[in-house]
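Source file: target04.cif; contents: mmCIF, C-alpha atoms.
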```
data_entry
loop_
_atom_site.label_atom_id
_atom_site.label_comp_id
_atom_site.auth_asym_id
_atom_site.auth_seq_id
_atom_site.Cartn_x
_atom_site.Cartn_y
_atom_site.Cartn_z
CA MET C 283 115.08 35.67 11.65
CA ASN C 284 114.69 37.72 14.81
CA GLU C 285 111.00 37.77 14.22
CA LYS C 286 110.92 33.97 14.20
CA TYR C 287 112.71 33.78 17.55
CA GLY C 288 110.35 36.40 18.93
CA ARG C 289 107.41 34.33 17.80
CA ILE C 290 108.80 31.14 19.40
CA THR C 291 109.37 33.07 22.64
CA ARG C 292 105.86 34.54 22.70
CA GLU C 293 104.29 31.18 21.84
CA GLY C 294 106.16 29.41 24.64
CA LEU C 295 105.67 32.01 27.34
CA TRP C 296 102.11 33.06 26.70
CA ASN C 297 100.14 32.36 23.51
CA ASN C 298 100.72 28.62 23.46
CA ASN C 299 101.59 28.19 27.14
CA VAL C 300 101.88 24.52 28.13
CA VAL C 301 99.34 24.87 30.90
CA PHE C 302 97.20 27.89 30.10
CA ALA C 303 96.75 27.17 26.37
CA GLN C 304 97.69 23.57 25.64
CA MET C 305 96.28 22.29 28.94
CA LEU C 306 99.06 19.72 29.15
CA ALA C 307 101.01 18.48 32.18
CA LEU C 308 98.11 19.06 34.55
CA CYS C 309 98.94 15.99 36.63
CA PRO C 310 102.35 17.16 37.88
CA LEU C 311 101.02 20.72 37.94
CA LEU C 312 98.25 19.97 40.43
CA ALA C 313 100.39 17.56 42.41
CA VAL C 314 103.24 19.89 43.29
CA THR C 315 101.81 23.41 43.41
CA SER C 316 100.87 23.55 47.06
CA THR C 317 103.57 26.22 47.40
CA ALA C 318 105.24 28.58 44.96
CA THR C 319 108.66 27.14 45.83
CA ASN C 320 107.59 23.64 44.86
CA GLY C 321 106.22 25.02 41.62
CA LEU C 322 109.50 26.76 40.89
CA GLY C 323 111.49 23.59 41.56
CA MET C 324 109.31 21.47 39.31
CA GLY C 325 109.39 24.17 36.63
CA LEU C 326 113.18 24.45 36.60
CA ALA C 327 113.67 20.67 36.49
CA SER C 328 111.13 20.32 33.67
CA THR C 329 112.75 23.15 31.74
CA ALA C 330 116.13 21.43 31.89
CA VAL C 331 114.71 18.15 30.62
CA LEU C 332 112.60 19.87 27.96
CA LEU C 333 115.60 21.79 26.66
CA MET C 334 117.77 18.66 26.45
CA SER C 335 115.08 16.46 24.92
CA ASN C 336 114.25 19.09 22.28
CA ILE C 337 117.91 19.43 21.33
CA ILE C 338 118.46 15.67 21.07
CA VAL C 339 115.23 14.97 19.20
CA SER C 340 115.89 17.81 16.78
CA SER C 341 119.46 16.73 16.08
CA VAL C 342 118.47 13.15 15.24
CA ARG C 343 115.22 14.06 13.47
CA HIS C 344 116.48 13.00 10.02
CA LEU C 345 117.46 9.57 11.24
CA ILE C 346 114.16 8.70 12.91
CA SER C 347 111.55 6.85 10.88
CA PRO C 348 108.14 8.43 11.42
CA GLU C 349 106.65 4.99 12.08
CA VAL C 350 108.73 4.36 15.20
CA ARG C 351 109.20 7.95 16.41
CA ILE C 352 107.00 7.74 19.50
CA PRO C 353 108.83 4.83 21.19
CA VAL C 354 112.15 6.45 20.33
CA TYR C 355 111.10 9.76 21.91
CA ILE C 356 109.73 8.04 24.99
CA VAL C 357 112.92 6.05 25.52
CA LEU C 358 115.03 9.19 25.03
CA ILE C 359 112.97 11.26 27.47
CA ALA C 360 112.82 8.52 30.10
CA THR C 361 116.59 8.11 29.85
CA LEU C 362 117.19 11.85 30.20
CA VAL C 363 114.97 12.07 33.25
CA THR C 364 116.69 9.10 34.87
CA LEU C 365 120.10 10.60 34.16
CA VAL C 366 119.08 13.92 35.72
CA ASP C 367 117.59 12.05 38.67
CA MET C 368 120.74 10.02 39.30
CA SER C 369 123.20 12.84 38.90
CA LEU C 370 121.24 15.16 41.20
CA ASN C 371 120.96 12.39 43.77
CA ALA C 372 124.69 11.81 43.67
CA TRP C 373 126.14 15.28 43.33
CA ALA C 374 123.48 17.68 44.59
CA HIS C 375 121.90 15.61 47.29
CA GLU C 376 120.44 18.51 49.28
CA LEU C 377 118.66 19.78 46.19
CA TYR C 378 117.59 16.24 45.36
CA LYS C 379 115.86 15.89 48.70
CA VAL C 380 113.70 18.86 47.78
CA LEU C 381 113.23 18.09 44.10
CA GLY C 382 113.43 14.28 44.18
CA LEU C 383 109.72 13.73 44.01
CA PHE C 384 109.26 16.09 41.09
CA ILE C 385 111.99 14.67 38.92
CA ALA C 386 110.38 11.26 38.64
CA LEU C 387 107.14 13.05 37.81
CA ILE C 388 108.72 14.68 34.75
CA VAL C 389 108.51 11.35 32.91
CA VAL C 390 104.74 11.57 32.99
CA ASN C 391 104.84 15.16 31.77
CA CYS C 392 103.21 14.82 28.37
CA ALA C 393 104.28 18.35 27.46
CA ILE C 394 107.81 17.09 26.84
CA LEU C 395 106.69 14.37 24.43
CA GLY C 396 104.30 16.90 22.94
CA ARG C 397 107.09 19.38 22.12
CA ALA C 398 109.32 16.61 20.75
CA GLU C 399 106.52 15.47 18.49
CA SER C 400 105.06 18.77 17.37
CA PHE C 401 108.11 21.05 17.26
CA ALA C 402 111.54 19.52 17.73
CA SER C 403 111.01 16.77 15.15
CA LYS C 404 110.26 19.36 12.47
CA ASN C 405 112.64 22.23 13.25
CA SER C 406 116.35 22.99 13.38
CA VAL C 407 118.38 22.53 16.56
CA PRO C 408 118.61 26.23 17.61
CA ASP C 409 114.87 26.71 17.05
CA ALA C 410 114.08 23.56 19.00
CA ALA C 411 116.41 24.59 21.84
CA LEU C 412 114.74 28.00 22.10
CA ASP C 413 111.31 26.38 21.94
CA GLY C 414 112.24 23.97 24.73
CA LEU C 415 113.59 26.79 26.87
CA MET C 416 110.58 29.04 26.33
CA MET C 417 107.99 26.30 26.77
CA GLY C 418 109.79 25.33 29.97
CA MET C 419 109.79 28.95 31.19
CA GLY C 420 106.10 29.22 30.34
CA PHE C 421 105.45 26.06 32.32
CA THR C 422 107.51 27.42 35.24
CA LEU C 423 105.52 30.65 35.09
CA ALA C 424 102.24 28.72 35.28
CA LEU C 425 103.52 26.56 38.14
CA VAL C 426 104.74 29.53 40.16
CA ALA C 427 101.51 31.46 39.52
CA LEU C 428 99.32 28.56 40.60
CA GLY C 429 101.60 27.66 43.50
CA GLY C 430 101.64 31.30 44.62
CA VAL C 431 97.87 31.65 44.55
CA ARG C 432 97.36 28.38 46.43
CA GLU C 433 100.06 29.19 48.96
CA ILE C 434 98.78 32.71 49.72
CA LEU C 435 95.18 31.51 50.10
CA GLY C 436 96.05 28.24 51.78
CA SER C 437 98.80 29.12 54.21
CA GLY C 438 99.21 32.90 54.03
CA THR C 439 102.85 32.74 52.96
CA LEU C 440 104.74 33.07 49.69
CA PHE C 441 107.85 31.15 48.65
CA ALA C 442 108.08 29.35 51.99
CA ASN C 443 111.25 27.24 52.27
CA ALA C 444 112.77 28.87 49.19
CA HIS C 445 116.21 28.64 50.82
CA LEU C 446 116.02 24.83 50.67
CA LEU C 447 115.64 24.98 46.91
CA LEU C 448 117.79 27.95 45.90
CA GLY C 449 120.24 28.25 48.76
CA PRO C 450 120.33 30.55 51.79
CA ALA C 451 120.87 33.62 49.59
CA PHE C 452 117.26 33.39 48.49
CA ALA C 453 115.78 33.33 51.98
CA PHE C 454 114.60 36.92 51.35
CA LEU C 455 111.94 35.53 49.01
CA GLU C 456 110.17 33.93 51.93
CA THR C 457 107.39 36.24 52.93
CA THR C 458 104.46 35.93 55.23
CA ILE C 459 101.59 37.68 53.49
CA VAL C 460 99.01 37.26 56.22
CA PRO C 461 100.53 37.02 59.71
CA ASP C 462 98.77 34.72 62.14
CA TYR C 463 96.83 33.05 59.34
CA LYS C 464 94.87 30.00 60.37
CA GLY C 465 95.19 28.39 56.97
CA PHE C 466 92.58 27.48 54.38
CA LEU C 467 93.11 23.77 53.92
CA LEU C 468 91.02 23.38 50.77
CA MET C 469 93.49 25.41 48.72
CA ILE C 470 96.39 23.13 49.67
CA LEU C 471 94.48 19.96 48.85
CA PRO C 472 93.97 18.86 45.21
CA PRO C 473 90.42 20.32 44.80
CA GLY C 474 91.82 23.76 45.60
CA GLY C 475 94.35 23.23 42.85
CA PHE C 476 91.60 22.58 40.31
CA MET C 477 89.68 25.66 41.45
CA ALA C 478 92.68 27.97 41.36
CA LEU C 479 93.65 26.62 37.95
CA GLY C 480 90.12 27.22 36.67
CA PHE C 481 90.14 30.84 37.80
CA LEU C 482 93.61 31.45 36.37
CA LEU C 483 92.54 29.96 33.01
CA ALA C 484 89.43 32.11 32.98
CA ALA C 485 91.51 35.19 33.82
CA LYS C 486 93.88 34.50 30.92
CA ARG C 487 90.95 34.06 28.51
CA VAL C 488 89.37 37.33 29.60
CA TYR C 489 92.68 39.18 29.33
CA ASP C 490 93.42 37.76 25.86
CA ARG C 491 89.94 38.63 24.60
CA ARG C 492 90.13 42.20 25.93
CA ARG C 493 93.48 42.60 24.25
CA ALA C 494 92.15 41.24 20.94
CA GLU C 495 89.14 43.57 21.16
CA ARG C 496 91.37 46.56 21.82
CA ALA C 497 93.60 45.61 18.88
CA ASP C 498 90.50 45.32 16.68
CA ALA C 499 89.27 48.72 17.84
CA VAL C 500 92.64 50.30 17.08
CA ALA C 501 92.65 48.67 13.64
CA ALA C 502 89.10 49.85 12.99
CA ALA C 503 89.94 53.40 14.08
CA ALA C 504 92.98 53.38 11.81
CA ALA C 505 90.82 52.14 8.92
CA ALA C 506 88.20 54.83 9.65
CA ALA C 507 90.89 57.55 9.73
CA ASN C 508 92.04 56.54 6.30
CA MET T 175 120.21 4.38 -1.11
CA LYS T 176 118.99 7.71 0.19
CA LEU T 177 118.08 8.21 3.82
CA GLU T 178 114.40 8.88 3.08
CA GLU T 179 114.07 5.54 1.31
CA LEU T 180 116.06 3.73 3.94
CA ARG T 181 113.82 5.09 6.68
CA THR T 182 110.78 3.26 5.31
CA LYS T 183 112.48 -0.16 5.43
CA LEU T 184 111.33 -2.44 8.21
CA GLY T 185 114.87 -3.57 8.93
CA TYR T 186 116.05 0.02 9.36
CA GLN T 187 113.24 0.79 11.81
CA ALA T 188 113.93 -2.33 13.83
CA SER T 189 117.63 -1.62 14.04
CA LEU T 190 116.90 2.04 14.85
CA LEU T 191 114.77 1.03 17.81
CA GLY T 192 117.36 -1.54 18.80
CA SER T 193 120.26 0.87 18.66
CA VAL T 194 118.36 3.61 20.53
CA ALA T 195 117.55 1.08 23.26
CA LEU T 196 121.15 -0.07 23.33
CA LEU T 197 122.58 3.45 23.47
CA THR T 198 120.23 4.63 26.19
CA SER T 199 120.79 1.49 28.28
CA ALA T 200 124.52 1.96 27.92
CA ALA T 201 124.18 5.59 29.03
CA LEU T 202 122.10 4.54 32.02
CA ALA T 203 124.44 1.73 32.99
CA PHE T 204 127.40 4.08 32.79
CA ALA T 205 125.60 6.74 34.83
CA SER T 206 124.55 4.18 37.40
CA LEU T 207 128.15 3.06 37.82
CA ALA T 208 129.37 6.64 38.00
CA THR T 209 126.79 7.82 40.52
CA GLY T 210 126.36 4.64 42.58
CA PRO T 211 129.04 5.22 45.25
CA ASP T 212 128.12 8.90 45.67
CA ILE T 213 124.42 8.09 46.02
CA LYS T 214 125.21 5.43 48.60
CA ALA T 215 127.40 7.83 50.58
CA ALA T 216 124.73 10.54 50.46
CA GLU T 217 122.03 8.13 51.61
CA GLU T 218 124.20 6.89 54.45
CA ALA T 219 124.81 10.46 55.53
CA ASP T 220 121.04 11.04 55.45
CA LEU T 221 120.40 7.94 57.51
CA LYS T 222 123.07 8.89 59.99
CA GLN T 223 121.63 12.37 60.30
CA SER T 224 118.13 11.03 60.91
CA LEU T 225 119.48 8.63 63.52
CA THR T 226 121.56 11.19 65.37
CA GLN T 227 118.51 13.45 65.70
CA VAL T 228 117.14 11.02 68.26
CA LEU T 229 120.53 10.26 69.72
CA PRO T 230 121.91 13.15 71.73
CA GLY T 231 125.43 12.79 73.06
CA SER T 232 128.48 11.28 71.48
CA TYR T 233 129.34 7.67 70.85
CA ASP T 234 132.58 6.08 69.79
CA ASN T 235 131.39 3.31 67.46
CA GLU T 236 130.34 3.32 63.83
CA LEU T 237 126.60 3.57 64.31
CA LEU T 238 125.60 2.49 60.80
CA LYS T 239 127.58 -0.73 60.95
CA ASP T 240 126.52 -1.83 64.41
CA THR T 241 123.09 -3.24 63.74
CA VAL T 242 120.98 -6.07 65.04
CA THR T 243 117.87 -7.49 63.39
CA LEU T 244 115.11 -8.77 65.62
CA PRO T 245 111.61 -10.10 64.96
CA GLY T 246 109.13 -7.35 65.81
CA GLY T 247 105.40 -6.74 65.68
CA GLU T 248 105.28 -6.58 61.92
CA GLY T 249 108.24 -8.17 60.22
CA GLU T 250 111.78 -7.62 61.32
CA VAL T 251 113.09 -4.58 63.12
CA LEU T 252 116.54 -3.30 62.30
CA ALA T 253 118.09 -1.58 65.30
CA TRP T 254 121.24 0.55 65.33
CA ARG T 255 123.30 0.49 68.51
CA ALA T 256 125.32 3.36 69.87
CA ARG T 257 128.19 2.35 72.12
CA ASN T 258 130.84 3.90 74.30
CA LYS T 259 133.84 1.68 75.02
CA GLY T 260 131.90 -1.33 73.76
CA LYS T 261 128.94 -0.81 76.07
CA VAL T 262 125.61 -0.21 74.33
CA GLU T 263 124.39 3.19 75.56
CA ALA T 264 121.35 3.56 73.34
CA VAL T 265 119.53 1.92 70.48
CA VAL T 266 117.67 3.46 67.57
CA TYR T 267 115.05 1.79 65.45
CA ARG T 268 112.15 2.56 63.20
CA ILE T 269 108.54 2.21 64.19
CA THR T 270 105.45 2.50 62.05
CA GLY T 271 102.03 3.80 63.01
CA TYR T 272 98.94 3.87 60.83
CA GLY T 273 97.40 7.30 60.70
CA TYR T 274 94.68 8.99 58.71
CA SER T 275 96.32 8.35 55.35
CA GLY T 276 98.64 5.39 55.58
CA ALA T 277 101.86 4.60 57.32
CA ILE T 278 103.66 7.09 59.54
CA VAL T 279 107.28 6.01 59.77
CA CYS T 280 109.13 7.29 62.82
CA VAL T 281 112.57 6.73 64.21
CA MET T 282 113.00 6.52 67.97
CA GLY T 283 116.03 6.44 70.21
CA VAL T 284 115.91 4.59 73.53
CA SER T 285 118.55 4.79 76.23
CA ARG T 286 119.99 1.81 78.07
CA GLU T 287 117.55 2.47 80.90
CA GLY T 288 114.56 2.33 78.55
CA LYS T 289 113.95 6.09 78.46
CA LEU T 290 113.06 7.81 75.21
CA LEU T 291 115.88 9.97 73.86
CA GLY T 292 113.69 11.28 71.10
CA VAL T 293 111.17 10.48 68.40
CA ARG T 294 111.07 11.94 64.88
CA VAL T 295 108.69 11.34 62.02
CA ILE T 296 110.63 10.55 58.88
CA LYS T 297 107.82 9.79 56.47
CA HIS T 298 104.09 10.42 56.50
CA ALA T 299 101.21 11.47 54.29
CA GLU T 300 98.94 13.09 56.87
CA THR T 301 96.72 16.02 55.98
CA PRO T 302 98.72 19.26 55.62
CA GLY T 303 97.68 21.79 58.23
CA LEU T 304 96.03 19.23 60.51
CA GLY T 305 97.89 15.96 60.92
CA ASP T 306 101.29 17.28 59.92
CA LYS T 307 101.82 18.86 63.35
CA ILE T 308 103.75 15.69 64.12
CA GLU T 309 106.65 17.24 62.18
CA PRO T 310 109.04 19.20 64.41
CA ALA T 311 109.04 22.00 61.80
CA LYS T 312 105.29 22.55 62.29
CA SER T 313 104.86 21.99 66.02
CA ASP T 314 106.97 20.77 68.92
CA TRP T 315 104.43 18.12 69.86
CA ILE T 316 106.79 15.28 68.95
CA LEU T 317 109.40 16.59 71.41
CA ASN T 318 107.06 15.78 74.30
CA PHE T 319 108.10 12.16 74.10
CA THR T 320 111.68 12.87 75.14
CA GLY T 321 112.42 11.49 78.61
CA LYS T 322 109.25 9.43 78.80
CA TRP T 323 109.33 5.70 79.49
CA LEU T 324 106.82 2.95 80.15
CA GLY T 325 106.51 3.91 83.83
CA GLU T 326 106.17 7.66 83.21
CA PRO T 327 103.38 8.08 82.33
CA SER T 328 102.05 4.75 83.56
CA ILE T 329 101.21 2.22 80.90
CA ASP T 330 97.47 2.94 80.77
CA LYS T 331 98.13 6.67 80.32
CA TRP T 332 100.07 6.10 77.08
CA ALA T 333 97.28 7.53 74.94
CA VAL T 334 95.96 10.87 73.73
CA LYS T 335 93.89 12.92 76.20
CA LYS T 336 90.67 12.05 74.40
CA ASP T 337 91.31 8.39 75.23
CA GLY T 338 92.17 9.15 78.87
CA GLY T 339 95.92 9.48 78.34
CA VAL T 340 98.37 12.31 78.85
CA PHE T 341 99.32 13.26 75.28
CA ASP T 342 97.68 16.19 73.54
CA GLN T 343 95.74 15.65 70.36
CA PHE T 344 95.55 18.39 67.73
CA ALA T 345 92.45 20.42 67.01
CA GLY T 346 90.75 18.59 64.17
CA ALA T 347 93.11 15.65 64.14
CA THR T 348 93.00 12.88 66.70
CA ILE T 349 93.78 9.89 64.52
CA THR T 350 97.30 11.03 63.66
CA PRO T 351 98.61 11.63 67.23
CA ARG T 352 96.78 8.52 68.42
CA ALA T 353 98.67 6.48 65.83
CA VAL T 354 102.02 8.00 66.79
CA VAL T 355 101.45 7.50 70.53
CA LYS T 356 100.47 3.89 69.93
CA ALA T 357 103.51 3.27 67.74
CA VAL T 358 105.87 4.80 70.31
CA LYS T 359 104.29 2.78 73.12
CA GLU T 360 104.68 -0.41 71.09
CA GLY T 361 108.23 0.60 70.30
CA LEU T 362 109.00 0.86 74.02
CA GLN T 363 107.33 -2.48 74.65
CA PHE T 364 109.51 -3.91 71.90
CA PHE T 365 112.54 -2.56 73.74
CA GLU T 366 111.48 -4.17 77.01
CA ALA T 367 110.78 -7.49 75.31
CA ASN T 368 114.10 -7.55 73.47
CA LYS T 369 116.29 -5.75 75.96
CA VAL T 370 118.78 -8.60 76.27
CA GLN T 371 119.48 -8.85 72.56
CA LEU T 372 119.38 -5.09 71.97
CA LEU T 373 121.89 -4.31 74.70
CA ASP T 374 124.00 -7.39 74.04
CA GLU T 375 127.66 -6.53 74.33
CA ALA T 376 128.78 -9.21 71.88
CA GLY T 377 128.43 -8.99 68.12
CA GLY T 378 128.70 -6.01 65.81
CA GLU T 379 131.64 -3.68 65.70
CA LYS T 380 133.30 -2.63 68.90
#
```
This entry written out as structure tokens:
Amino acid sequence: MNEKYGRITREGLWNNNVVFAQMLALCPLLAVTSTATNGLGMGLASTAVLLMSNIIVSSVRHLISPEVRIPVYIVLIATLVTLVDMSLNAWAHELYKVLGLFIALIVVNCAILGRAESFASKNSVPDAALDGLMMGMGFTLALVALGGVREILGSGTLFANAHLLLGPAFAFLETTIVPDYKGFLLMILPPGGFMALGFLLAAKRVYDRRRAERADAVAAAAAAAN
Amino acid sequence: MKLEELRTKLGYQASLLGSVALLTSAALAFASLATGPDIKAAEEADLKQSLTQVLPGSYDNELLKDTVTLPGGEGEVLAWRARNKGKVEAVVYRITGYGYSGAIVCVMGVSREGKLLGVRVIKHAETPGLGDKIEPAKSDWILNFTGKWLGEPSIDKWAVKKDGGVFDQFAGATITPRAVVKAVKEGLQFFEANKVQLLDEAGGEK
């Protein structure tokens, strides 16, 4: 049982990462990651929606006819996003002013429909909830990584304006990496996003292959010792 | 009949879609009712905050309710009036300039005498790092407008330095400040042209 949860966690965070492995949700990813803070905000909002949509889809999975599942999922997800959007606007207006743009973008995040279709509709509620949480965290990780790289190269800061998103207590996150930096505009603009994403993807591939090779070598050595 | 069999029936699928649509619409309608007043209050607070940025000093009327709509350069202009003891001390309205990437929406406050109390950009899509120096968070360029009027600098000097005016442009971005200067100048001309209605003592809330 524990092994299953471990597998779901590893799949979500790394092996089957929404961005770095499934290559989904690239549109919101490239749109918002001009700073690490924006990436974090989008990631947290997406995680919340992903968690809720996975739970709901999983709990009604026996009732849904396979023939009409896609429209049902889309309506459910769009409703959830709108509910989150409205309640944040009403009751957490300061946060909404920072996140408002991203929340509407979650509807077009195909990763959420993807998880509903490929995981939540086939698995129990606790599994689906964990999957939603972990996929969301993996997505957040990718967003923060890409946002961080673009922000450091583009404006020389990291987590600028974090206090607007997380409250004044998190102002310590705001660091200036390169003082007196003139800025490298390309990295902030969309083409820079594609480039940074390409390098990050390549880096993950290289790392995964090295790790696989090392595991093979260890296995071979063990076999030779026997 | 078992659920698996039922699920393949056309009628079941149609009613499933129908009931999902009904349930979600009901949830949305309920949420809209529940959040509506709070959203309205929050947006009014936002609006008030953006207006008071260009309106130093204190006024004794309800700014948001004391409005006048006048025909302007493009469509109608909604102006908010700030009063003390019924006398209009200042007016605030929105102006729009067209920069490098679309509309730049600003709000400007003008005193009774026609002097600028302040200008702030509230919405724009200018290039980050170049054109976005019109935001007070990035540069204090926009504060230069405070205290200016159509006689200071004289009307033909209301332009960026590149065009023979007095306002600085930014390195690498002339179009954005040019658009803002033009919009502010037109905003002041709008004030002069509609002074009588804007400062009218009658109408609105006292």
Tell me, counting all atoms listed in the file, for each residue of chain C within 6 Å of chain T, which pair of atoms is nearest and how far apart they are in Å to one decimal, in rows ordered by chain and increasing number, as JSON lines.
```
{"residue": "C:Ser347", "atom": "CA", "partner": "T:Arg181", "partner_atom": "CA", "distance": 5.1}
{"residue": "C:Asn371", "atom": "CA", "partner": "T:Ile213", "partner_atom": "CA", "distance": 6.0}
{"residue": "C:Ala372", "atom": "CA", "partner": "T:Ile213", "partner_atom": "CA", "distance": 4.4}
```
Result set of the PyMOL selection byres ((chain C and resi 295) around 8) on the coordinates above, as a ChimeraX atom specification: /C:291-294,296-299,416-417,419-421,423
For Ser328 in chain T, the nearest of the candidates T:Lys359, T:Lys239, T:His298, T:Lys312, counting all atoms listed in the file: T:Lys359
Quick one: pull the distance between CA of Met282 in chain T and CA of Gly325 in chain T, Å, one decimal. 17.3 Å
Could you tell me, as number ranges by chain, exactly which residues end up selected when the PyMOL selection byres ((chain C and resi 431) around 12) is applied to this structure? C: 315-319, 321, 424-430, 432-441, 459, 466, 469-470, 474-482
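Separating CA of Tyr489 in chain C from CA of Asp413 in chain C is a distance of 23.8 Å.
Between CA of Ala402 in chain C and CA of Lys286 in chain C there is a distance of 14.9 Å.
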As a list in words, please: the residues near range 444-454 of chain C (cut-off 12 Å, only C-alpha atoms, same-chain neighbours under 3 positions excluded). Thr317, Ala318, Thr319, Asn320, Gly321, Leu322, Gly323, Met324, Leu326, Ala327, Ala374, His375, Glu376, Leu377, Tyr378, Lys379, Val380, Leu381, Gly382, Thr439, Leu440, Phe441, Thr457 and Thr458 of chain C
Once the PyMOL selection byres ((chain C and resi 361) around 10) has been evaluated on this model, what residues remain selected, and can you format them as JSON, numbers by chain? {"C": [335, 355, 356, 357, 358, 359, 360, 362, 363, 364, 365, 366, 367, 389], "T": [195, 197, 198, 199, 201, 202]}
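The closest residue to Gly361 in chain T, picked from T:Thr348, T:Thr270, T:Ser285, T:Ser275 and counting all atoms listed in the file, is T:Thr270.
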Spatial neighbours of Ala264 in chain T, max dist 12 Å, all atoms listed in the file, sep filter under 5 positions, as a PDB file with C-alpha atoms, keeping the file's coordinate frame:
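That gives us part_10.pdb:
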```pdb
ATOM      1  CA  LEU T 225     119.480   8.630  63.520  1.00  0.00           C
ATOM      2  CA  THR T 226     121.560  11.190  65.370  1.00  0.00           C
ATOM      3  CA  VAL T 228     117.140  11.020  68.260  1.00  0.00           C
ATOM      4  CA  LEU T 229     120.530  10.260  69.720  1.00  0.00           C
ATOM      5  CA  PRO T 230     121.910  13.150  71.730  1.00  0.00           C
ATOM      6  CA  GLY T 231     125.430  12.790  73.060  1.00  0.00           C
ATOM      7  CA  SER T 232     128.480  11.280  71.480  1.00  0.00           C
ATOM      8  CA  TYR T 233     129.340   7.670  70.850  1.00  0.00           C
ATOM      9  CA  ASN T 235     131.390   3.310  67.460  1.00  0.00           C
ATOM     10  CA  LEU T 237     126.600   3.570  64.310  1.00  0.00           C
ATOM     11  CA  ASP T 240     126.520  -1.830  64.410  1.00  0.00           C
ATOM     12  CA  THR T 241     123.090  -3.240  63.740  1.00  0.00           C
ATOM     13  CA  ALA T 253     118.090  -1.580  65.300  1.00  0.00           C
ATOM     14  CA  TRP T 254     121.240   0.550  65.330  1.00  0.00           C
ATOM     15  CA  ARG T 255     123.300   0.490  68.510  1.00  0.00           C
ATOM     16  CA  ALA T 256     125.320   3.360  69.870  1.00  0.00           C
ATOM     17  CA  ARG T 257     128.190   2.350  72.120  1.00  0.00           C
ATOM     18  CA  ASN T 258     130.840   3.900  74.300  1.00  0.00           C
ATOM     19  CA  MET T 282     113.000   6.520  67.970  1.00  0.00           C
ATOM     20  CA  GLY T 283     116.030   6.440  70.210  1.00  0.00           C
ATOM     21  CA  VAL T 284     115.910   4.590  73.530  1.00  0.00           C
ATOM     22  CA  SER T 285     118.550   4.790  76.230  1.00  0.00           C
ATOM     23  CA  ARG T 286     119.990   1.810  78.070  1.00  0.00           C
ATOM     24  CA  GLU T 287     117.550   2.470  80.900  1.00  0.00           C
ATOM     25  CA  GLY T 288     114.560   2.330  78.550  1.00  0.00           C
ATOM     26  CA  LYS T 289     113.950   6.090  78.460  1.00  0.00           C
ATOM     27  CA  LEU T 290     113.060   7.810  75.210  1.00  0.00           C
ATOM     28  CA  LEU T 291     115.880   9.970  73.860  1.00  0.00           C
ATOM     29  CA  GLY T 292     113.690  11.280  71.100  1.00  0.00           C
ATOM     30  CA  PHE T 365     112.540  -2.560  73.740  1.00  0.00           C
ATOM     31  CA  LYS T 369     116.290  -5.750  75.960  1.00  0.00           C
ATOM     32  CA  LEU T 372     119.380  -5.090  71.970  1.00  0.00           C
ATOM     33  CA  LEU T 373     121.890  -4.310  74.700  1.00  0.00           C
ATOM     34  CA  ASP T 374     124.000  -7.390  74.040  1.00  0.00           C
ATOM     35  CA  GLU T 375     127.660  -6.530  74.330  1.00  0.00           C
TER      36      GLU T 375
END
```
Extending 3 Å beyond the listed atoms of range 419-429 of chain C on each side, what axis-aligned box results? I want centre and edge lengths in Å to one decimal, as JSON.
```
{"center_x": 104.6, "center_y": 28.8, "center_z": 36.9, "size_x": 16.5, "size_y": 11.4, "size_z": 19.2}
```
Excluding Gly414 in chain C and any residue of its chain fewer than 2 positions from it, enumerate the residues within 7 Å of it, using all atoms listed in the file, and give them as a list in words.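 Contacts, in chain order: Leu332, Leu333, Asn336, Ala410, Ala411, Leu412, Met416, Met417 and Gly418 of chain C.
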Residues within 8 Å of range 302-306 of chain C, please, as a ChimeraX atom specification. Count only C-alpha atoms; anything in the same chain fewer than 6 positions from it doesn't count. /C:296,391-393,424,483,486
Shell of 9 Å around Gly276 in chain T, all atoms listed in the file, local chain residues under 3 positions omitted, as a PyMOL selection string: chain T and resi 271-273+298-300
